[in-house]
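Colleague: I am sharing final.txt, which consists of compact mmCIF, N, CA and C atoms:
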```txt
# COMPACT_ATOMS: atom_id res chain seq x y z
N MET D 1 -6.83 -22.21 -42.92
CA MET D 1 -7.87 -21.56 -42.15
C MET D 1 -7.28 -20.33 -41.45
N PRO D 2 -7.85 -19.15 -41.64
CA PRO D 2 -7.29 -17.95 -41.02
C PRO D 2 -7.46 -17.98 -39.51
N HIS D 3 -6.46 -17.41 -38.86
CA HIS D 3 -6.47 -17.38 -37.39
C HIS D 3 -7.13 -16.09 -36.92
N ASN D 4 -8.10 -16.20 -36.08
CA ASN D 4 -8.80 -15.04 -35.56
C ASN D 4 -8.26 -14.72 -34.17
N CYS D 5 -7.47 -13.66 -34.05
CA CYS D 5 -6.84 -13.29 -32.77
C CYS D 5 -7.86 -12.87 -31.73
N SER D 6 -8.96 -12.29 -32.16
CA SER D 6 -9.93 -11.81 -31.18
C SER D 6 -10.59 -12.96 -30.43
N SER D 7 -10.66 -14.13 -31.05
CA SER D 7 -11.26 -15.26 -30.33
C SER D 7 -10.27 -15.87 -29.34
N VAL D 8 -8.97 -15.71 -29.60
CA VAL D 8 -7.97 -16.26 -28.70
C VAL D 8 -7.73 -15.34 -27.51
N HIS D 9 -7.68 -14.04 -27.74
CA HIS D 9 -7.36 -13.07 -26.69
C HIS D 9 -8.60 -12.27 -26.31
N GLN D 10 -9.53 -12.91 -25.68
CA GLN D 10 -10.73 -12.21 -25.23
C GLN D 10 -10.49 -11.64 -23.85
N ARG D 11 -11.07 -10.49 -23.61
CA ARG D 11 -10.94 -9.89 -22.30
C ARG D 11 -11.82 -10.62 -21.30
N ARG D 12 -11.30 -10.79 -20.13
CA ARG D 12 -12.08 -11.40 -19.06
C ARG D 12 -12.93 -10.33 -18.40
N GLN D 13 -14.10 -10.68 -18.02
CA GLN D 13 -14.99 -9.75 -17.33
C GLN D 13 -14.92 -10.03 -15.83
N TYR D 14 -14.45 -9.04 -15.08
CA TYR D 14 -14.36 -9.16 -13.64
C TYR D 14 -15.40 -8.25 -13.01
N THR D 15 -15.94 -8.69 -11.92
CA THR D 15 -16.85 -7.84 -11.17
C THR D 15 -16.29 -7.66 -9.77
N ASN D 16 -16.31 -6.44 -9.31
CA ASN D 16 -15.84 -6.14 -7.97
C ASN D 16 -16.92 -6.48 -6.95
N PRO D 17 -16.52 -6.71 -5.71
CA PRO D 17 -17.52 -6.86 -4.67
C PRO D 17 -18.33 -5.58 -4.53
N VAL D 18 -19.52 -5.69 -4.00
CA VAL D 18 -20.42 -4.54 -3.90
C VAL D 18 -19.78 -3.41 -3.10
N ILE D 19 -19.01 -3.75 -2.08
CA ILE D 19 -18.42 -2.71 -1.23
C ILE D 19 -17.39 -1.89 -2.01
N LEU D 20 -16.84 -2.41 -3.12
CA LEU D 20 -15.84 -1.68 -3.89
C LEU D 20 -16.43 -0.99 -5.12
N THR D 21 -17.74 -0.97 -5.26
CA THR D 21 -18.37 -0.30 -6.39
C THR D 21 -18.20 1.20 -6.24
N ARG D 22 -17.74 1.83 -7.33
CA ARG D 22 -17.53 3.28 -7.29
C ARG D 22 -18.86 4.00 -7.20
N GLY D 23 -18.90 5.04 -6.41
CA GLY D 23 -20.10 5.85 -6.26
C GLY D 23 -21.08 5.31 -5.23
N GLU D 24 -20.82 4.13 -4.70
CA GLU D 24 -21.69 3.57 -3.68
C GLU D 24 -21.16 3.97 -2.31
N GLY D 25 -22.06 4.23 -1.39
CA GLY D 25 -21.63 4.59 -0.05
C GLY D 25 -22.79 5.05 0.79
N TRP D 26 -22.44 5.70 1.87
CA TRP D 26 -23.45 6.21 2.79
C TRP D 26 -23.86 7.61 2.33
N ASN D 27 -25.14 7.86 2.32
CA ASN D 27 -25.66 9.19 1.97
C ASN D 27 -25.85 9.98 3.26
N LEU D 28 -25.12 11.07 3.38
CA LEU D 28 -25.17 11.90 4.59
C LEU D 28 -25.80 13.25 4.25
N PRO D 29 -26.91 13.59 4.91
CA PRO D 29 -27.48 14.93 4.67
C PRO D 29 -26.69 15.98 5.44
N ILE D 30 -26.04 16.88 4.70
CA ILE D 30 -25.24 17.94 5.31
C ILE D 30 -25.63 19.26 4.66
N GLY D 31 -26.12 20.18 5.46
CA GLY D 31 -26.45 21.52 4.98
C GLY D 31 -27.49 21.54 3.88
N GLY D 32 -28.46 20.67 3.92
CA GLY D 32 -29.51 20.66 2.92
C GLY D 32 -29.18 19.89 1.66
N THR D 33 -27.97 19.39 1.55
CA THR D 33 -27.60 18.57 0.40
C THR D 33 -27.17 17.19 0.88
N THR D 34 -27.18 16.26 0.00
CA THR D 34 -26.77 14.90 0.34
C THR D 34 -25.34 14.69 -0.15
N VAL D 35 -24.48 14.29 0.76
CA VAL D 35 -23.07 14.02 0.46
C VAL D 35 -22.87 12.51 0.54
N ILE D 36 -22.20 11.97 -0.47
CA ILE D 36 -21.94 10.53 -0.48
C ILE D 36 -20.56 10.29 0.13
N LEU D 37 -20.54 9.48 1.17
CA LEU D 37 -19.28 9.03 1.77
C LEU D 37 -19.02 7.63 1.22
N PRO D 38 -18.14 7.49 0.21
CA PRO D 38 -17.98 6.20 -0.47
C PRO D 38 -17.33 5.15 0.41
N TYR D 39 -17.75 3.91 0.19
CA TYR D 39 -17.16 2.79 0.92
C TYR D 39 -15.66 2.69 0.63
N THR D 40 -15.27 2.96 -0.61
CA THR D 40 -13.86 2.85 -0.97
C THR D 40 -13.01 3.89 -0.25
N GLY D 41 -13.57 5.08 -0.03
CA GLY D 41 -12.83 6.11 0.70
C GLY D 41 -12.63 5.72 2.15
N VAL D 42 -13.67 5.17 2.76
CA VAL D 42 -13.56 4.73 4.16
C VAL D 42 -12.57 3.58 4.27
N LEU D 43 -12.64 2.63 3.32
CA LEU D 43 -11.71 1.51 3.33
C LEU D 43 -10.27 2.00 3.18
N THR D 44 -10.04 2.98 2.34
CA THR D 44 -8.70 3.51 2.14
C THR D 44 -8.18 4.19 3.41
N VAL D 45 -9.02 4.96 4.06
CA VAL D 45 -8.60 5.63 5.29
C VAL D 45 -8.30 4.61 6.38
N VAL D 46 -9.15 3.60 6.52
CA VAL D 46 -8.94 2.58 7.55
C VAL D 46 -7.66 1.81 7.27
N LEU D 47 -7.44 1.41 6.02
CA LEU D 47 -6.20 0.70 5.67
C LEU D 47 -4.96 1.57 5.92
N SER D 48 -5.05 2.85 5.60
CA SER D 48 -3.91 3.75 5.83
C SER D 48 -3.60 3.89 7.31
N ILE D 49 -4.62 4.01 8.12
CA ILE D 49 -4.41 4.12 9.56
C ILE D 49 -3.79 2.84 10.11
N LEU D 50 -4.28 1.68 9.65
CA LEU D 50 -3.71 0.41 10.10
C LEU D 50 -2.25 0.26 9.67
N LEU D 51 -1.92 0.68 8.45
CA LEU D 51 -0.54 0.61 8.00
C LEU D 51 0.37 1.55 8.80
N MET D 52 -0.12 2.75 9.08
CA MET D 52 0.69 3.68 9.90
C MET D 52 0.88 3.15 11.31
N LEU D 53 -0.16 2.55 11.87
CA LEU D 53 -0.05 1.95 13.20
C LEU D 53 0.96 0.80 13.19
N GLY D 54 0.90 -0.02 12.14
CA GLY D 54 1.85 -1.12 12.03
C GLY D 54 3.29 -0.64 11.92
N LEU D 55 3.51 0.41 11.13
CA LEU D 55 4.85 0.96 11.01
C LEU D 55 5.33 1.56 12.33
N TYR D 56 4.43 2.25 13.03
CA TYR D 56 4.79 2.82 14.33
C TYR D 56 5.18 1.72 15.30
N LEU D 57 4.37 0.66 15.35
CA LEU D 57 4.68 -0.44 16.26
C LEU D 57 5.98 -1.13 15.88
N LEU D 58 6.25 -1.24 14.58
CA LEU D 58 7.51 -1.84 14.14
C LEU D 58 8.70 -1.02 14.62
N VAL D 59 8.62 0.28 14.43
CA VAL D 59 9.77 1.14 14.76
C VAL D 59 9.92 1.32 16.27
N MET D 60 8.83 1.41 16.99
CA MET D 60 8.91 1.75 18.41
C MET D 60 8.90 0.54 19.36
N ARG D 61 8.43 -0.62 18.91
CA ARG D 61 8.25 -1.73 19.85
C ARG D 61 9.03 -3.00 19.53
N THR D 62 9.80 -3.01 18.46
CA THR D 62 10.51 -4.24 18.11
C THR D 62 12.02 -4.04 18.22
N ARG D 63 12.71 -5.16 18.23
CA ARG D 63 14.17 -5.11 18.29
C ARG D 63 14.74 -4.48 17.02
N LEU D 64 14.13 -4.80 15.87
CA LEU D 64 14.57 -4.18 14.61
C LEU D 64 14.37 -2.68 14.66
N GLY D 65 13.25 -2.23 15.19
CA GLY D 65 13.00 -0.80 15.30
C GLY D 65 14.00 -0.10 16.20
N ARG D 66 14.35 -0.74 17.29
CA ARG D 66 15.37 -0.16 18.18
C ARG D 66 16.70 -0.07 17.47
N SER D 67 17.03 -1.11 16.70
CA SER D 67 18.27 -1.09 15.93
C SER D 67 18.24 -0.01 14.85
N MET D 68 17.09 0.15 14.21
CA MET D 68 16.96 1.19 13.19
C MET D 68 17.19 2.58 13.79
N ARG D 69 16.60 2.80 14.95
CA ARG D 69 16.77 4.11 15.59
C ARG D 69 18.21 4.33 16.03
N ALA D 70 18.87 3.27 16.51
CA ALA D 70 20.27 3.40 16.94
C ALA D 70 21.18 3.68 15.74
N VAL D 71 20.94 3.00 14.63
CA VAL D 71 21.76 3.22 13.44
C VAL D 71 21.52 4.62 12.89
N ALA D 72 20.29 5.08 12.95
CA ALA D 72 19.98 6.42 12.46
C ALA D 72 20.65 7.49 13.33
N GLU D 73 20.77 7.21 14.60
CA GLU D 73 21.37 8.19 15.52
C GLU D 73 22.88 8.27 15.33
N ASN D 74 23.55 7.10 15.33
CA ASN D 74 25.02 7.11 15.25
C ASN D 74 25.49 5.72 14.81
N LYS D 75 25.90 5.59 13.56
CA LYS D 75 26.31 4.29 13.02
C LYS D 75 27.52 3.69 13.75
N PRO D 76 28.60 4.45 13.96
CA PRO D 76 29.77 3.83 14.62
C PRO D 76 29.46 3.34 16.04
N VAL D 77 28.71 4.08 16.78
CA VAL D 77 28.38 3.66 18.15
C VAL D 77 27.45 2.45 18.12
N ALA D 78 26.51 2.42 17.17
CA ALA D 78 25.63 1.26 17.04
C ALA D 78 26.44 0.01 16.70
N ALA D 79 27.44 0.15 15.84
CA ALA D 79 28.29 -0.99 15.50
C ALA D 79 29.09 -1.46 16.71
N LEU D 80 29.57 -0.51 17.52
CA LEU D 80 30.30 -0.88 18.74
C LEU D 80 29.41 -1.59 19.75
N MET D 81 28.13 -1.32 19.71
CA MET D 81 27.18 -1.96 20.63
C MET D 81 26.74 -3.33 20.12
N GLY D 82 27.25 -3.75 18.97
CA GLY D 82 26.97 -5.10 18.47
C GLY D 82 25.83 -5.17 17.47
N ILE D 83 25.38 -4.05 16.97
CA ILE D 83 24.30 -4.04 15.99
C ILE D 83 24.89 -4.23 14.60
N ASP D 84 24.31 -5.12 13.82
CA ASP D 84 24.73 -5.33 12.43
C ASP D 84 24.18 -4.17 11.59
N VAL D 85 25.00 -3.15 11.41
CA VAL D 85 24.56 -1.91 10.76
C VAL D 85 24.13 -2.18 9.32
N ASP D 86 24.92 -2.94 8.57
CA ASP D 86 24.57 -3.20 7.18
C ASP D 86 23.27 -4.01 7.07
N GLY D 87 23.08 -4.96 7.97
CA GLY D 87 21.85 -5.75 7.97
C GLY D 87 20.63 -4.90 8.29
N VAL D 88 20.78 -3.99 9.24
CA VAL D 88 19.66 -3.11 9.59
C VAL D 88 19.32 -2.19 8.43
N ILE D 89 20.35 -1.66 7.76
CA ILE D 89 20.10 -0.78 6.62
C ILE D 89 19.42 -1.56 5.49
N SER D 90 19.86 -2.80 5.26
CA SER D 90 19.24 -3.62 4.21
C SER D 90 17.78 -3.90 4.52
N ARG D 91 17.49 -4.29 5.74
CA ARG D 91 16.09 -4.56 6.12
C ARG D 91 15.24 -3.30 6.05
N THR D 92 15.83 -2.18 6.40
CA THR D 92 15.09 -0.91 6.31
C THR D 92 14.74 -0.59 4.87
N PHE D 93 15.67 -0.80 3.94
CA PHE D 93 15.39 -0.56 2.53
C PHE D 93 14.33 -1.52 2.01
N ILE D 94 14.37 -2.76 2.44
CA ILE D 94 13.35 -3.72 2.01
C ILE D 94 11.98 -3.30 2.50
N ILE D 95 11.89 -2.90 3.75
CA ILE D 95 10.60 -2.45 4.30
C ILE D 95 10.13 -1.19 3.59
N SER D 96 11.04 -0.25 3.35
CA SER D 96 10.62 1.00 2.71
C SER D 96 10.25 0.77 1.25
N GLY D 97 10.74 -0.27 0.62
CA GLY D 97 10.37 -0.58 -0.75
C GLY D 97 8.96 -1.12 -0.87
N HIS D 98 8.42 -1.66 0.21
CA HIS D 98 7.06 -2.20 0.18
C HIS D 98 6.00 -1.13 0.40
N TRP D 99 6.33 0.01 0.95
CA TRP D 99 5.32 1.02 1.25
C TRP D 99 4.68 1.65 0.02
N PRO D 100 5.41 1.92 -1.07
CA PRO D 100 4.71 2.43 -2.26
C PRO D 100 3.68 1.46 -2.82
N VAL D 101 3.96 0.18 -2.72
CA VAL D 101 2.99 -0.82 -3.19
C VAL D 101 1.71 -0.73 -2.37
N ARG D 102 1.85 -0.57 -1.08
CA ARG D 102 0.66 -0.47 -0.23
C ARG D 102 -0.08 0.84 -0.50
N ARG D 103 0.66 1.92 -0.73
CA ARG D 103 0.01 3.19 -1.00
C ARG D 103 -0.77 3.14 -2.31
N VAL D 104 -0.16 2.54 -3.32
CA VAL D 104 -0.82 2.47 -4.62
C VAL D 104 -2.03 1.55 -4.56
N SER D 105 -1.94 0.47 -3.78
CA SER D 105 -3.10 -0.40 -3.68
C SER D 105 -4.25 0.30 -2.97
N CYS D 106 -3.95 1.17 -2.02
CA CYS D 106 -5.01 1.97 -1.40
C CYS D 106 -5.56 2.99 -2.40
N GLY D 107 -4.71 3.56 -3.22
CA GLY D 107 -5.16 4.52 -4.23
C GLY D 107 -5.98 3.86 -5.32
N ALA D 108 -5.72 2.58 -5.59
CA ALA D 108 -6.49 1.87 -6.61
C ALA D 108 -7.93 1.68 -6.17
N PHE D 109 -8.18 1.61 -4.87
CA PHE D 109 -9.56 1.51 -4.39
C PHE D 109 -10.35 2.77 -4.76
N ILE D 110 -9.70 3.91 -4.66
CA ILE D 110 -10.41 5.17 -4.92
C ILE D 110 -10.53 5.42 -6.41
N SER D 111 -9.45 5.28 -7.15
CA SER D 111 -9.47 5.66 -8.56
C SER D 111 -9.88 4.54 -9.49
N ALA D 112 -9.99 3.32 -9.00
CA ALA D 112 -10.44 2.15 -9.76
C ALA D 112 -9.53 1.84 -10.95
N TRP D 113 -8.25 2.10 -10.85
CA TRP D 113 -7.31 1.70 -11.90
C TRP D 113 -6.19 0.91 -11.27
N SER D 114 -5.71 -0.01 -12.01
CA SER D 114 -4.59 -0.82 -11.56
C SER D 114 -3.96 -1.49 -12.77
N TYR D 115 -2.66 -1.43 -12.87
CA TYR D 115 -1.93 -2.11 -13.93
C TYR D 115 -0.56 -2.48 -13.37
N HIS D 116 0.22 -3.21 -14.13
CA HIS D 116 1.43 -3.81 -13.59
C HIS D 116 2.55 -2.82 -13.30
N TYR D 117 2.53 -1.60 -13.83
CA TYR D 117 3.56 -0.61 -13.52
C TYR D 117 3.11 0.42 -12.49
N VAL D 118 1.98 0.20 -11.87
CA VAL D 118 1.37 1.23 -11.05
C VAL D 118 2.23 1.62 -9.84
N GLY D 119 3.01 0.71 -9.29
CA GLY D 119 3.84 1.05 -8.14
C GLY D 119 5.29 1.32 -8.47
N PHE D 120 5.63 1.33 -9.76
CA PHE D 120 7.03 1.48 -10.14
C PHE D 120 7.57 2.87 -9.86
N LEU D 121 6.91 3.89 -10.37
CA LEU D 121 7.41 5.26 -10.19
C LEU D 121 7.38 5.72 -8.73
N PRO D 122 6.31 5.46 -7.96
CA PRO D 122 6.38 5.85 -6.55
C PRO D 122 7.46 5.11 -5.78
N GLY D 123 7.83 3.90 -6.26
CA GLY D 123 8.88 3.13 -5.60
C GLY D 123 10.27 3.67 -5.85
N ILE D 124 10.40 4.51 -6.88
CA ILE D 124 11.72 5.07 -7.19
C ILE D 124 11.93 6.25 -6.35
```
What is this structure when it is put down as structure tokens?
Modeller:
Amino acid sequence: MPHNCSSVHQRRQYTNPVILTRGEGWNLPIGGTTVILPYTGVLTVVLSILLMLGLYLLVMRTRLGRSMRAVAENKPVAALMGIDVDGVISRTFIISGHWPVRRVSCGAFISAWSYHYVGFLPGI
């Protein structure tokens, strides 16, 4: 009996929530024309602001942030003050490696594309 690959590997049909539908949004009358302010654009801006606020609070209000600033200013003096310089640098690289993923996920809301390599190049 011949094997039919199309019956085994069928594409799944996914539907996005209504708020993520492209082209949907608030209609704003500006200058005699109607401008669409998409829900996905607003969601992207709000998420970006929240991520920037979180990064600011991390750097300015936490012990790790204070250590990051001290290491950035002067590594030998930070080490003399008891800061684990290598540990701070490692944690900083881990945190900075996650930001491209967040940026690309915000961009996927606007452009409606996403695949498994989408954050690879911005992460480099």
Colleague: What is the atom CA of Pro38 of chain D to atom C of Trp26 of chain D distance in Å?
Modeller: 6.7 Å
Colleague: Please report the interatomic distance between atom N of Leu80 of chain D and atom C of Arg61 of chain D in Å with one decimal.
Modeller: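 Computing it gives 20.8 Å between the two atoms.
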Colleague: Excluding Arg66 of chain D and its own-chain neighbours fewer than 4 positions away, which residues fall within 12 Å of it when counting only C-alpha atoms? Please give them as a PyMOL selection string.
Modeller: chain D and resi 56-62+70-73+78+83+85+88+92
Colleague: What would the file look like if the residues just selected were written as a PDB file, keeping the file's coordinate frame with N, CA and C atoms?
Modeller:
```
ATOM      1  N   TYR D  56       4.430   2.250  13.030  1.00  0.00           N
ATOM      2  CA  TYR D  56       4.790   2.820  14.330  1.00  0.00           C
ATOM      3  C   TYR D  56       5.180   1.720  15.300  1.00  0.00           C
ATOM      4  N   LEU D  57       4.370   0.660  15.350  1.00  0.00           N
ATOM      5  CA  LEU D  57       4.680  -0.440  16.260  1.00  0.00           C
ATOM      6  C   LEU D  57       5.980  -1.130  15.880  1.00  0.00           C
ATOM      7  N   LEU D  58       6.250  -1.240  14.580  1.00  0.00           N
ATOM      8  CA  LEU D  58       7.510  -1.840  14.140  1.00  0.00           C
ATOM      9  C   LEU D  58       8.700  -1.020  14.620  1.00  0.00           C
ATOM     10  N   VAL D  59       8.620   0.280  14.430  1.00  0.00           N
ATOM     11  CA  VAL D  59       9.770   1.140  14.760  1.00  0.00           C
ATOM     12  C   VAL D  59       9.920   1.320  16.270  1.00  0.00           C
ATOM     13  N   MET D  60       8.830   1.410  16.990  1.00  0.00           N
ATOM     14  CA  MET D  60       8.910   1.750  18.410  1.00  0.00           C
ATOM     15  C   MET D  60       8.900   0.540  19.360  1.00  0.00           C
ATOM     16  N   ARG D  61       8.430  -0.620  18.910  1.00  0.00           N
ATOM     17  CA  ARG D  61       8.250  -1.730  19.850  1.00  0.00           C
ATOM     18  C   ARG D  61       9.030  -3.000  19.530  1.00  0.00           C
ATOM     19  N   THR D  62       9.800  -3.010  18.460  1.00  0.00           N
ATOM     20  CA  THR D  62      10.510  -4.240  18.110  1.00  0.00           C
ATOM     21  C   THR D  62      12.020  -4.040  18.220  1.00  0.00           C
ATOM     22  N   ALA D  70      18.870   3.270  16.510  1.00  0.00           N
ATOM     23  CA  ALA D  70      20.270   3.400  16.940  1.00  0.00           C
ATOM     24  C   ALA D  70      21.180   3.680  15.740  1.00  0.00           C
ATOM     25  N   VAL D  71      20.940   3.000  14.630  1.00  0.00           N
ATOM     26  CA  VAL D  71      21.760   3.220  13.440  1.00  0.00           C
ATOM     27  C   VAL D  71      21.520   4.620  12.890  1.00  0.00           C
ATOM     28  N   ALA D  72      20.290   5.080  12.950  1.00  0.00           N
ATOM     29  CA  ALA D  72      19.980   6.420  12.460  1.00  0.00           C
ATOM     30  C   ALA D  72      20.650   7.490  13.330  1.00  0.00           C
ATOM     31  N   GLU D  73      20.770   7.210  14.600  1.00  0.00           N
ATOM     32  CA  GLU D  73      21.370   8.190  15.520  1.00  0.00           C
ATOM     33  C   GLU D  73      22.880   8.270  15.330  1.00  0.00           C
ATOM     34  N   ALA D  78      26.510   2.420  17.170  1.00  0.00           N
ATOM     35  CA  ALA D  78      25.630   1.260  17.040  1.00  0.00           C
ATOM     36  C   ALA D  78      26.440   0.010  16.700  1.00  0.00           C
ATOM     37  N   ILE D  83      25.380  -4.050  16.970  1.00  0.00           N
ATOM     38  CA  ILE D  83      24.300  -4.040  15.990  1.00  0.00           C
ATOM     39  C   ILE D  83      24.890  -4.230  14.600  1.00  0.00           C
ATOM     40  N   VAL D  85      25.000  -3.150  11.410  1.00  0.00           N
ATOM     41  CA  VAL D  85      24.560  -1.910  10.760  1.00  0.00           C
ATOM     42  C   VAL D  85      24.130  -2.180   9.320  1.00  0.00           C
ATOM     43  N   VAL D  88      20.780  -3.990   9.240  1.00  0.00           N
ATOM     44  CA  VAL D  88      19.660  -3.110   9.590  1.00  0.00           C
ATOM     45  C   VAL D  88      19.320  -2.190   8.430  1.00  0.00           C
ATOM     46  N   THR D  92      15.830  -2.180   6.400  1.00  0.00           N
ATOM     47  CA  THR D  92      15.090  -0.910   6.310  1.00  0.00           C
ATOM     48  C   THR D  92      14.740  -0.590   4.870  1.00  0.00           C
TER      49      THR D  92
END
```
Colleague: Any idea what the distance is between atom CA of Pro76 of chain D and atom N of His98 of chain D?
Modeller: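 Atom CA of Pro76 of chain D sits 26.3 Å away from atom N of His98 of chain D.
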Colleague: Choose the residue, out of D:Thr40, D:Ser90, D:Ser48, D:Thr34, that has the smallest atom-to-atom separation from Arg102 of chain D; count all atoms listed in the file.
Modeller: D:Ser48
Colleague: Any chance you could work out the axis-aligned box around segment 62-78 of chain D, listed atoms only, 5 Å on each side, giving centre and edge lengths in Å to one decimal, as AutoDock Vina command-line options?
Modeller:
```
--center_x 19.8 --center_y 1.6 --center_z 15.5 --size_x 30.0 --size_y 23.4 --size_z 16.0
```
